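Raw contents of upload20.cif, mmCIF, C-alpha atoms and all ligand atoms:
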```cif
data_data
#
loop_
_atom_site.label_atom_id
_atom_site.label_comp_id
_atom_site.auth_asym_id
_atom_site.auth_seq_id
_atom_site.Cartn_x
_atom_site.Cartn_y
_atom_site.Cartn_z
CA MET A 1241 13.65 6.72 -2.66
CA ALA A 1242 12.71 10.36 -2.14
CA VAL A 1243 9.20 11.71 -1.83
CA TYR A 1244 9.35 15.20 -0.43
CA THR A 1245 5.77 16.16 -1.33
CA GLU A 1246 2.79 13.80 -1.39
CA VAL A 1247 0.55 14.12 -4.45
CA SER A 1248 -3.00 12.76 -4.30
CA GLU A 1249 -4.61 10.79 -7.11
CA HIS A 1250 -7.14 13.60 -7.45
CA GLU A 1251 -4.41 16.21 -8.05
CA ALA A 1252 -2.61 14.01 -10.57
CA ARG A 1253 -5.88 13.16 -12.38
CA GLU A 1254 -6.79 16.84 -12.74
CA LEU A 1255 -3.39 17.77 -14.17
CA LEU A 1256 -3.31 14.87 -16.64
CA ARG A 1257 -6.83 15.76 -17.81
CA THR A 1258 -5.84 19.39 -18.30
CA LEU A 1259 -2.96 18.25 -20.51
CA GLY A 1260 -5.26 16.00 -22.55
CA LEU A 1261 -3.27 12.92 -21.56
CA GLY A 1262 -6.23 10.72 -20.63
CA GLU A 1263 -7.77 9.25 -17.47
CA LEU A 1264 -5.49 8.29 -14.60
CA ASN A 1265 -5.22 4.51 -14.11
CA SER A 1266 -2.51 4.39 -11.48
CA LEU A 1267 -0.15 6.66 -9.60
CA LYS A 1268 3.02 5.33 -7.97
CA ALA A 1269 5.85 7.11 -6.12
CA CYS A 1270 9.23 6.43 -7.83
CA SER A 1271 12.30 5.20 -6.07
CA GLY A 1272 15.75 6.62 -6.76
CA GLY A 1273 16.79 10.24 -7.06
CA ILE A 1274 17.47 12.71 -4.32
CA GLU A 1275 16.45 16.02 -5.86
CA ASN A 1276 12.78 15.93 -6.84
CA THR A 1277 9.51 14.18 -6.09
CA ASN A 1278 8.69 11.78 -8.94
CA TYR A 1279 5.57 9.73 -9.57
CA PHE A 1280 4.84 7.27 -12.36
CA ALA A 1281 1.38 7.97 -13.76
CA SER A 1282 -0.39 5.59 -16.08
CA THR A 1283 -3.38 6.80 -18.09
CA GLU A 1284 -5.87 5.41 -20.56
CA ARG A 1285 -6.64 7.36 -23.70
CA ALA A 1286 -8.56 6.08 -26.74
CA GLY A 1287 -8.34 2.55 -25.30
CA GLN A 1288 -4.56 2.67 -24.95
CA VAL A 1289 -2.34 2.83 -21.90
CA HIS A 1290 0.23 5.68 -21.70
CA ASP A 1291 2.98 6.06 -19.13
CA TYR A 1292 4.20 9.40 -17.81
CA VAL A 1293 6.41 10.78 -15.09
CA LEU A 1294 4.97 13.55 -12.90
CA THR A 1295 7.75 15.55 -11.24
CA LEU A 1296 7.39 18.12 -8.47
CA PHE A 1297 10.47 20.30 -8.29
CA GLU A 1298 11.74 20.78 -4.77
CA ARG A 1299 14.72 23.00 -5.54
CA LEU A 1300 14.11 24.66 -8.89
CA SER A 1301 11.88 27.69 -9.28
CA PHE A 1302 9.06 28.50 -11.71
CA GLU A 1303 11.49 30.90 -13.42
CA GLN A 1304 14.28 28.35 -13.88
CA LEU A 1305 12.18 25.44 -15.14
CA PRO A 1306 11.25 26.58 -18.66
CA PHE A 1307 14.94 26.31 -19.61
CA TYR A 1308 15.10 22.60 -18.76
CA LEU A 1309 11.69 21.66 -20.12
CA ARG A 1310 12.03 23.69 -23.34
CA LEU A 1311 15.47 22.12 -23.82
CA MET A 1312 14.01 18.61 -23.45
CA LYS A 1313 11.27 19.48 -25.94
CA HIS A 1314 13.83 20.99 -28.36
CA LEU A 1315 15.99 17.86 -28.17
CA ALA A 1316 13.05 15.45 -28.43
CA GLN A 1317 11.82 17.31 -31.53
CA ARG A 1318 15.26 16.80 -33.09
CA GLY A 1319 15.19 13.06 -32.53
CA ILE A 1320 17.40 12.94 -29.43
CA LEU A 1321 16.18 10.22 -27.07
CA VAL A 1322 14.87 12.24 -24.11
CA PRO A 1323 11.46 12.33 -22.36
CA GLU A 1324 9.19 14.82 -24.10
CA PRO A 1325 7.43 17.26 -21.74
CA HIS A 1326 3.69 17.83 -22.27
CA ALA A 1327 2.14 21.27 -22.74
CA ASN A 1328 -1.31 22.59 -21.88
CA ALA A 1329 -3.54 24.36 -24.41
CA GLN A 1330 -1.56 27.57 -23.86
CA GLY A 1331 1.73 25.84 -24.69
CA GLU A 1332 2.97 26.03 -21.07
CA LEU A 1333 5.16 23.21 -19.73
CA VAL A 1334 5.38 24.21 -16.05
CA PHE A 1335 2.35 23.77 -13.77
CA GLU A 1336 1.62 24.17 -10.06
CA VAL A 1337 0.90 21.21 -7.78
CA LYS A 1338 0.87 21.61 -3.97
CA GLY A 1339 2.36 25.09 -4.47
CA LYS A 1340 5.39 23.60 -6.24
CA PRO A 1341 6.35 23.75 -9.90
CA ALA A 1342 5.51 20.50 -11.67
CA ALA A 1343 5.82 18.91 -15.11
CA VAL A 1344 4.65 15.79 -16.92
CA VAL A 1345 7.05 14.04 -19.30
CA ASP A 1346 6.98 10.75 -21.21
CA LYS A 1347 8.20 7.70 -19.32
CA LEU A 1348 11.17 6.06 -21.02
CA HIS A 1349 11.26 2.31 -21.65
CA GLY A 1350 13.81 0.01 -20.10
CA LYS A 1351 16.04 0.39 -17.09
CA SER A 1352 19.32 1.92 -16.06
CA GLU A 1353 22.47 -0.16 -16.54
CA LEU A 1354 24.49 0.13 -13.37
CA ALA A 1355 27.23 -2.25 -14.57
CA PRO A 1356 27.94 -0.89 -18.06
CA THR A 1357 30.13 -2.49 -20.69
CA GLU A 1358 31.97 -0.84 -23.58
CA ALA A 1359 28.80 -1.30 -25.68
CA HIS A 1360 26.74 0.82 -23.26
CA CYS A 1361 29.48 3.45 -23.01
CA ALA A 1362 29.75 3.75 -26.79
CA GLN A 1363 26.02 4.43 -27.09
CA VAL A 1364 26.19 7.01 -24.33
CA GLY A 1365 29.14 8.75 -26.04
CA ALA A 1366 27.47 8.89 -29.45
CA THR A 1367 24.14 10.10 -28.03
CA LEU A 1368 25.87 12.76 -25.94
CA ALA A 1369 27.66 14.16 -28.99
CA ARG A 1370 24.36 14.21 -30.93
CA LEU A 1371 22.71 15.99 -28.00
CA HIS A 1372 25.42 18.66 -27.99
CA LEU A 1373 25.03 19.28 -31.71
CA ALA A 1374 21.22 19.28 -31.54
CA GLY A 1375 21.33 21.80 -28.69
CA SER A 1376 23.47 24.28 -30.65
CA ASP A 1377 20.46 26.27 -31.89
CA PHE A 1378 18.53 26.22 -28.61
CA ALA A 1379 17.43 29.80 -27.95
CA LEU A 1380 17.16 29.99 -24.15
CA THR A 1381 20.16 30.47 -21.88
CA GLN A 1382 20.77 29.63 -18.26
CA PRO A 1383 24.18 29.00 -16.71
CA ASN A 1384 25.17 25.67 -15.21
CA LEU A 1385 23.91 26.42 -11.69
CA ARG A 1386 26.30 23.80 -10.28
CA GLY A 1387 29.31 25.34 -12.02
CA LEU A 1388 32.40 27.23 -10.84
CA ALA A 1389 30.48 30.09 -9.16
CA TRP A 1390 28.54 27.56 -7.07
CA TRP A 1391 31.69 25.63 -6.09
CA ASN A 1392 33.24 28.90 -4.90
CA GLU A 1393 30.14 29.60 -2.84
CA VAL A 1394 29.72 26.13 -1.31
CA VAL A 1395 33.31 25.04 -0.61
CA PRO A 1396 33.62 27.45 2.39
CA VAL A 1397 30.28 26.14 3.70
CA VAL A 1398 31.34 22.46 3.70
CA LEU A 1399 34.97 22.96 4.78
CA PRO A 1400 34.26 22.96 8.55
CA TYR A 1401 32.78 19.45 8.30
CA ILE A 1402 35.79 17.69 6.76
CA GLN A 1403 39.33 16.67 7.82
CA GLY A 1404 42.45 18.79 7.31
CA ASN A 1405 43.82 16.71 4.39
CA GLN A 1406 40.41 16.84 2.68
CA GLN A 1407 40.25 20.60 3.22
CA ASN A 1408 43.65 20.95 1.52
CA LEU A 1409 42.58 18.88 -1.48
CA LEU A 1410 39.27 20.74 -1.83
CA GLN A 1411 40.83 24.18 -1.58
CA SER A 1412 43.78 23.46 -3.86
CA GLU A 1413 41.50 21.93 -6.50
CA LEU A 1414 39.16 24.91 -6.36
CA ALA A 1415 42.13 27.25 -6.85
CA TYR A 1416 43.31 25.12 -9.80
CA GLN A 1417 39.85 25.19 -11.41
CA ASN A 1418 39.62 28.97 -10.96
CA SER A 1419 42.95 29.30 -12.79
CA VAL A 1420 41.87 26.92 -15.59
CA ALA A 1421 38.64 28.90 -16.05
CA ALA A 1422 40.68 32.09 -16.50
CA SER A 1423 42.89 30.57 -19.25
CA ALA A 1424 42.79 31.27 -22.99
CA SER A 1425 42.29 27.55 -23.75
CA TYR A 1426 39.20 27.50 -21.55
CA ALA A 1427 37.78 30.56 -23.31
CA ALA A 1428 38.24 28.72 -26.63
CA LEU A 1429 36.13 25.71 -25.59
CA PRO A 1430 32.90 25.21 -27.54
CA ARG A 1431 29.83 25.41 -25.33
CA GLY A 1432 26.07 25.13 -25.37
CA PRO A 1433 23.35 23.32 -23.45
CA ILE A 1434 24.80 20.36 -21.52
CA HIS A 1435 23.11 17.67 -19.43
CA ALA A 1436 25.74 18.06 -16.67
CA ASP A 1437 24.60 15.02 -14.62
CA LEU A 1438 24.68 12.13 -17.09
CA PHE A 1439 25.37 9.31 -14.64
CA ARG A 1440 24.48 5.64 -15.08
CA ASP A 1441 21.20 6.22 -13.24
CA ASN A 1442 20.11 8.96 -15.66
CA VAL A 1443 20.16 6.80 -18.81
CA MET A 1444 17.76 4.02 -19.80
CA PHE A 1445 18.49 0.98 -21.96
CA ASP A 1446 16.07 -1.45 -23.58
CA THR A 1447 17.09 -4.92 -24.71
CA VAL A 1448 16.56 -5.41 -28.44
CA GLY A 1449 17.46 -8.75 -30.02
CA GLY A 1450 19.42 -9.60 -26.87
CA GLN A 1451 21.52 -6.43 -27.19
CA PRO A 1452 21.38 -3.26 -25.10
CA GLN A 1453 19.86 -0.29 -26.89
CA LEU A 1454 19.89 3.14 -25.33
CA SER A 1455 16.29 4.32 -24.92
CA GLY A 1456 16.91 7.77 -23.46
CA PHE A 1457 18.70 10.30 -21.28
CA PHE A 1458 16.61 11.82 -18.49
CA ASP A 1459 16.83 14.04 -15.38
CA PHE A 1460 17.84 17.24 -17.18
CA TYR A 1461 17.38 19.37 -14.08
CA PHE A 1462 21.05 20.20 -13.69
CA ALA A 1463 21.39 21.15 -17.37
CA GLY A 1464 22.82 24.54 -18.26
CA ILE A 1465 25.02 26.34 -20.71
CA ASP A 1466 28.56 25.16 -20.15
CA THR A 1467 31.43 23.58 -22.07
CA TRP A 1468 30.71 20.40 -23.98
CA VAL A 1469 33.95 18.85 -22.76
CA PHE A 1470 32.84 19.29 -19.13
CA ASP A 1471 29.74 17.22 -19.96
CA LEU A 1472 31.94 14.55 -21.54
CA ALA A 1473 34.15 14.56 -18.42
CA VAL A 1474 31.15 14.12 -16.09
CA CYS A 1475 30.16 11.04 -18.13
CA LEU A 1476 33.66 9.58 -18.14
CA ASN A 1477 33.88 10.04 -14.36
CA ASP A 1478 30.82 7.89 -13.83
CA TRP A 1479 30.51 5.44 -16.74
CA CYS A 1480 34.22 4.74 -17.01
CA VAL A 1481 35.30 4.57 -13.38
CA ASP A 1482 35.34 1.55 -11.10
CA LEU A 1483 32.81 2.50 -8.41
CA PRO A 1484 34.43 0.77 -5.38
CA THR A 1485 37.87 2.29 -5.99
CA GLY A 1486 37.33 5.39 -8.14
CA VAL A 1487 39.93 4.06 -10.60
CA HIS A 1488 39.69 4.91 -14.32
CA HIS A 1489 38.49 2.06 -16.58
CA ALA A 1490 40.47 2.44 -19.81
CA PRO A 1491 38.47 0.20 -22.23
CA ARG A 1492 35.14 1.81 -21.34
CA ALA A 1493 36.65 5.32 -21.54
CA GLN A 1494 38.16 4.57 -24.95
CA ALA A 1495 34.81 3.27 -26.20
CA LEU A 1496 32.94 6.33 -24.94
CA ILE A 1497 35.48 8.84 -26.33
CA ALA A 1498 35.72 7.06 -29.70
CA ALA A 1499 31.94 7.02 -30.15
CA TYR A 1500 31.60 10.67 -29.09
CA SER A 1501 34.43 11.73 -31.42
CA ALA A 1502 32.95 9.80 -34.35
CA VAL A 1503 29.91 12.12 -34.15
CA ARG A 1504 31.74 15.30 -33.10
CA PRO A 1505 35.56 15.28 -33.14
CA LEU A 1506 37.06 17.18 -30.20
CA GLN A 1507 38.78 20.50 -30.92
CA ALA A 1508 42.40 21.16 -29.86
CA ALA A 1509 41.41 23.14 -26.73
CA GLU A 1510 39.05 20.35 -25.69
CA ARG A 1511 41.74 17.70 -26.09
CA GLU A 1512 44.12 19.88 -24.03
CA LEU A 1513 41.62 20.51 -21.23
CA LEU A 1514 39.90 17.12 -20.95
CA PRO A 1515 42.23 16.09 -18.07
CA ALA A 1516 41.44 19.34 -16.20
CA MET A 1517 37.72 18.86 -16.85
CA LEU A 1518 37.88 15.32 -15.42
CA ARG A 1519 39.15 16.94 -12.23
CA ALA A 1520 36.45 19.62 -12.46
CA GLY A 1521 33.75 16.95 -12.84
CA ALA A 1522 35.04 15.09 -9.79
CA LEU A 1523 35.19 18.32 -7.77
CA ARG A 1524 31.63 19.29 -8.77
CA PHE A 1525 30.13 16.07 -7.42
CA TRP A 1526 32.37 15.87 -4.37
CA VAL A 1527 31.18 19.37 -3.41
CA SER A 1528 27.49 18.66 -4.08
CA ARG A 1529 27.63 15.36 -2.22
CA LEU A 1530 29.34 17.01 0.77
CA TRP A 1531 26.68 19.68 0.70
CA ASP A 1532 23.82 17.12 0.52
CA PHE A 1533 25.46 14.98 3.21
CA TYR A 1534 26.23 17.66 5.80
CA LEU A 1535 23.44 20.14 5.04
CA PRO A 1536 20.48 17.90 4.06
CA ARG A 1537 17.01 19.22 3.43
CA ALA A 1538 13.99 17.76 5.18
CA ALA A 1539 12.69 14.73 3.27
CA SER A 1540 10.41 11.89 4.19
CA LEU A 1541 12.72 9.37 2.51
CA LEU A 1542 16.21 10.47 1.59
CA GLN A 1543 19.42 8.65 0.76
CA ALA A 1544 22.41 10.96 0.31
CA HIS A 1545 25.16 9.74 -2.04
CA ASP A 1546 28.57 8.90 -0.62
CA PRO A 1547 30.83 12.01 -0.88
CA SER A 1548 34.07 10.05 -0.37
CA HIS A 1549 33.65 8.34 -3.77
CA PHE A 1550 34.30 11.60 -5.62
CA GLU A 1551 37.14 12.46 -3.26
CA ARG A 1552 38.77 9.20 -4.46
CA VAL A 1553 37.98 9.98 -8.12
CA LEU A 1554 39.50 13.45 -7.75
CA GLN A 1555 42.61 12.06 -6.07
CA ALA A 1556 42.98 9.46 -8.82
CA ARG A 1557 42.53 12.10 -11.55
CA CYS A 1558 45.19 14.29 -9.90
CA GLN A 1559 47.70 11.53 -9.14
CA HIS A 1560 47.35 9.59 -12.40
CA ALA A 1561 46.67 12.41 -14.85
CA MET A 1562 46.32 11.11 -18.42
CA THR A 1563 46.56 13.12 -21.62
CA PHE A 1564 43.70 13.10 -24.12
CA GLU A 1565 45.69 10.68 -26.30
CA GLN A 1566 46.16 8.31 -23.36
CA LEU A 1567 42.49 8.57 -22.38
CA ALA A 1568 41.44 7.87 -25.98
CA GLY A 1569 43.88 4.96 -26.31
CA GLN A 1570 45.83 6.78 -29.03
CA ALA A 1571 49.13 7.07 -27.15
N1 LIG B 1 11.30 10.05 -17.89
C1 LIG B 1 11.49 8.96 -17.15
N2 LIG B 1 11.26 7.74 -17.66
C2 LIG B 1 11.41 6.63 -16.90
N3 LIG B 1 11.77 6.65 -15.62
C3 LIG B 1 12.03 7.83 -15.06
C4 LIG B 1 11.93 9.04 -15.79
N4 LIG B 1 12.22 10.07 -14.95
C5 LIG B 1 12.51 9.52 -13.76
N5 LIG B 1 12.40 8.16 -13.82
C6 LIG B 1 12.61 7.21 -12.71
O1 LIG B 1 12.55 7.89 -11.47
C7 LIG B 1 13.77 7.76 -10.76
C8 LIG B 1 14.15 9.07 -10.11
O2 LIG B 1 14.26 10.09 -11.11
P1 LIG B 1 15.40 11.18 -11.13
O3 LIG B 1 16.73 10.50 -11.17
O4 LIG B 1 15.07 12.14 -12.20
O5 LIG B 1 15.14 11.84 -9.73
P2 LIG B 1 15.85 13.03 -9.07
O6 LIG B 1 15.37 13.15 -7.67
O7 LIG B 1 15.67 14.24 -9.93
O8 LIG B 1 17.31 12.48 -9.18
P3 LIG B 1 18.81 12.76 -8.93
O9 LIG B 1 19.08 12.49 -7.53
O10 LIG B 1 19.45 11.72 -9.85
O11 LIG B 1 19.04 14.15 -9.36
C9 LIG B 1 14.79 7.31 -11.80
O12 LIG B 1 15.79 6.53 -11.27
C10 LIG B 1 13.94 6.53 -12.78
O13 LIG B 1 13.81 5.22 -12.37
N1 LIG B 2 24.38 12.39 -9.97
C1 LIG B 2 24.48 13.07 -8.70
C2 LIG B 2 23.17 13.18 -7.98
C3 LIG B 2 22.42 14.42 -8.35
O1 LIG B 2 21.76 14.24 -9.54
C4 LIG B 2 25.44 12.32 -7.80
O2 LIG B 2 25.65 11.13 -8.06
O3 LIG B 2 25.94 12.90 -6.86
#
```
Translate the structure of the given file into structure tokens.
Amino acid sequence: MAVYTEVSEHEARELLRTLGLGELNSLKACSGGIENTNYFASTERAGQVHDYVLTLFERLSFEQLPFYLRLMKHLAQRGILVPEPHANAQGELVFEVKGKPAAVVDKLHGKSELAPTEAHCAQVGATLARLHLAGSDFALTQPNLRGLAWWNEVVPVVLPYIQGNQQNLLQSELAYQNSVAASASYAALPRGPIHADLFRDNVMFDTVGGQPQLSGFFDFYFAGIDTWVFDLAVCLNDWCVDLPTGVHHAPRAQALIAAYSAVRPLQAAERELLPAMLRAGALRFWVSRLWDFYLPRAASLLQAHDPSHFERVLQARCQHAMTFEQLAGQA
């Protein structure tokens, strides 16, 4: 659980009133997450209870936030299951609490599924493809701030903390990804707004008639303009990998890819580069976890994720490279 900045009931009540969301009933710090301060806020309005999430952004600036919040609003308005951010009378979505940028979004129903089956993965794949299509006409742009430029900046910073064999893997993978990014196939990849961090803990499921039903994607604060296939790869690396070993889980991957492709079939360049993007996705989170682990920020309650997991995923992706056809179960 991470609470970097304490918010008082008075501060939360004032903000919720300003947004016309009702009278605060309860305010509770949320567990989980390592990037932002999150509170669950419950209000009463016209005799009904409403649940919101109040987020204080610890890393992102007032200038960066409209991209994420406008994107969430854009997607919510197109029927994609994401928390809708709430605006004030001036139409603004970013506010100031304790000197930090803050936002209030709808609380999703359900809970995260940390042991997903093929059924969960299929719903994630289909919803991700719909999200990509729905984002195509989003007007704002902001790069993926945890993309190639950031890896090039941070790898030299974390290198002194790791062993020689890890340094070799990290440096050789970075060189490989720089060469992929310079290729004609890479330039041909379709791109647009991507979630870029769609792990098991950033998706909620409800149970309807005894069956899991995806109720929303959340935590869009690593979103950016990048290739759609990179987003797909990030998902496959989390939803379709055995967490203790980092080994690929073929049935879940096939379910996720089939459901994604049924909504938006992959183009030739995407099929060619999916294996490289699986490596890129593993590198991205290995680097960020190394960075969080060795260069942590002050936090009252912080649990850094294990960096070695993505080292294992990257090794597995390099040593047991699979073609798109193999990944999709078509070979
Ligand atoms: N819109 C929402 N609806 C329901 N629950 C939410 C919502 N947003 C956040 N939460 C809850 O708060 C927890 C922490 O949120 P989140 O993962 O966004 O934090 P973070 O610090 O930004 O995370 P991360 O480390 O994953 O980047 C989630 O695990 C979830 O339980
Ligand atoms: N999903 C990231 C955490 C940052 O959102 C990770 O597992 O490293």
Point to revise | ligand LIG 1 (chain B) neighbours within 10 Å using only C-alpha atoms and all ligand atoms, as a ChimeraX atom specification | key: /A:1241-1244,1269-1280,1291-1299,1322-1325,1344-1352,1437-1444,1455-1462,1542-1545
Could you save those same residues with C-alpha atoms as a short mmCIF file (atom, residue, chain, number, x, y, z; two decimals), in the frame of the given file?
```
data_model
loop_
_atom_site.label_atom_id
_atom_site.label_comp_id
_atom_site.auth_asym_id
_atom_site.auth_seq_id
_atom_site.Cartn_x
_atom_site.Cartn_y
_atom_site.Cartn_z
CA MET A 1241 13.65 6.72 -2.66
CA ALA A 1242 12.71 10.36 -2.14
CA VAL A 1243 9.20 11.71 -1.83
CA TYR A 1244 9.35 15.20 -0.43
CA ALA A 1269 5.85 7.11 -6.12
CA CYS A 1270 9.23 6.43 -7.83
CA SER A 1271 12.30 5.20 -6.07
CA GLY A 1272 15.75 6.62 -6.76
CA GLY A 1273 16.79 10.24 -7.06
CA ILE A 1274 17.47 12.71 -4.32
CA GLU A 1275 16.45 16.02 -5.86
CA ASN A 1276 12.78 15.93 -6.84
CA THR A 1277 9.51 14.18 -6.09
CA ASN A 1278 8.69 11.78 -8.94
CA TYR A 1279 5.57 9.73 -9.57
CA PHE A 1280 4.84 7.27 -12.36
CA ASP A 1291 2.98 6.06 -19.13
CA TYR A 1292 4.20 9.40 -17.81
CA VAL A 1293 6.41 10.78 -15.09
CA LEU A 1294 4.97 13.55 -12.90
CA THR A 1295 7.75 15.55 -11.24
CA LEU A 1296 7.39 18.12 -8.47
CA PHE A 1297 10.47 20.30 -8.29
CA GLU A 1298 11.74 20.78 -4.77
CA ARG A 1299 14.72 23.00 -5.54
CA VAL A 1322 14.87 12.24 -24.11
CA PRO A 1323 11.46 12.33 -22.36
CA GLU A 1324 9.19 14.82 -24.10
CA PRO A 1325 7.43 17.26 -21.74
CA VAL A 1344 4.65 15.79 -16.92
CA VAL A 1345 7.05 14.04 -19.30
CA ASP A 1346 6.98 10.75 -21.21
CA LYS A 1347 8.20 7.70 -19.32
CA LEU A 1348 11.17 6.06 -21.02
CA HIS A 1349 11.26 2.31 -21.65
CA GLY A 1350 13.81 0.01 -20.10
CA LYS A 1351 16.04 0.39 -17.09
CA SER A 1352 19.32 1.92 -16.06
CA ASP A 1437 24.60 15.02 -14.62
CA LEU A 1438 24.68 12.13 -17.09
CA PHE A 1439 25.37 9.31 -14.64
CA ARG A 1440 24.48 5.64 -15.08
CA ASP A 1441 21.20 6.22 -13.24
CA ASN A 1442 20.11 8.96 -15.66
CA VAL A 1443 20.16 6.80 -18.81
CA MET A 1444 17.76 4.02 -19.80
CA SER A 1455 16.29 4.32 -24.92
CA GLY A 1456 16.91 7.77 -23.46
CA PHE A 1457 18.70 10.30 -21.28
CA PHE A 1458 16.61 11.82 -18.49
CA ASP A 1459 16.83 14.04 -15.38
CA PHE A 1460 17.84 17.24 -17.18
CA TYR A 1461 17.38 19.37 -14.08
CA PHE A 1462 21.05 20.20 -13.69
CA LEU A 1542 16.21 10.47 1.59
CA GLN A 1543 19.42 8.65 0.76
CA ALA A 1544 22.41 10.96 0.31
CA HIS A 1545 25.16 9.74 -2.04
#
```
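The coordinates place CA of Ile1497 (chain A) at 19.3 Å from CA of Gly1375 (chain A).
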List every protein, DNA or RNA residue that has an atom no more than 12 Å from (-5.2, -0.6, -10.0) in the file's coordinate frame, counting only C-alpha atoms, and report them as a PDB file with C-alpha atoms, in the coordinates of the input.
```pdb
ATOM      1  CA  GLU A1249      -4.610  10.790  -7.110  1.00  0.00           C
ATOM      2  CA  LEU A1264      -5.490   8.290 -14.600  1.00  0.00           C
ATOM      3  CA  ASN A1265      -5.220   4.510 -14.110  1.00  0.00           C
ATOM      4  CA  SER A1266      -2.510   4.390 -11.480  1.00  0.00           C
ATOM      5  CA  LEU A1267      -0.150   6.660  -9.600  1.00  0.00           C
ATOM      6  CA  LYS A1268       3.020   5.330  -7.970  1.00  0.00           C
ATOM      7  CA  ALA A1281       1.380   7.970 -13.760  1.00  0.00           C
ATOM      8  CA  SER A1282      -0.390   5.590 -16.080  1.00  0.00           C
ATOM      9  CA  THR A1283      -3.380   6.800 -18.090  1.00  0.00           C
TER      10      THR A1283
END
```
Practice item. Select, from A:Leu1454, A:Cys1475, A:Ala1498, A:Leu1530, the residue with the minimum atom-to-atom distance to Glu1353 (chain A), counting all atoms listed in the file. Key: A:Leu1454
**Study point:** CA of Phe1378 (chain A) to CA of Gln1304 (chain A), distance in Å rounded to a single decimal
**Key:** 15.5 Å
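Of the residues under consideration (A:Val1247, A:Ala1316, A:Leu1476, A:Leu1380), A:Val1247 shows the shortest atom-to-atom contact distance to Gly1339 (chain A) when counting all atoms listed in the file.
Comparing the minimum interatomic distances between ligand LIG 2 (chain B) and each of A:Ala1329, A:Ala1561, A:Ala1522, A:Ala1502, counting only C-alpha atoms and all ligand atoms, we find that A:Ala1522 sits nearest.
Here the question is which of A:Leu1414, A:Ala1568, A:Leu1506, A:Ala1369 gets nearest to Ala1493 (chain A) using all atoms listed in the file, and that residue is A:Ala1568.
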Practice item. Might you pull out every residue within 7 Å of Leu1554 (chain A), with all atoms listed in the file counted and same-chain residues fewer than 3 positions away left off, and present them as a ChimeraX atom specification? Key: /A:1519,1522-1523,1550-1551,1557-1558
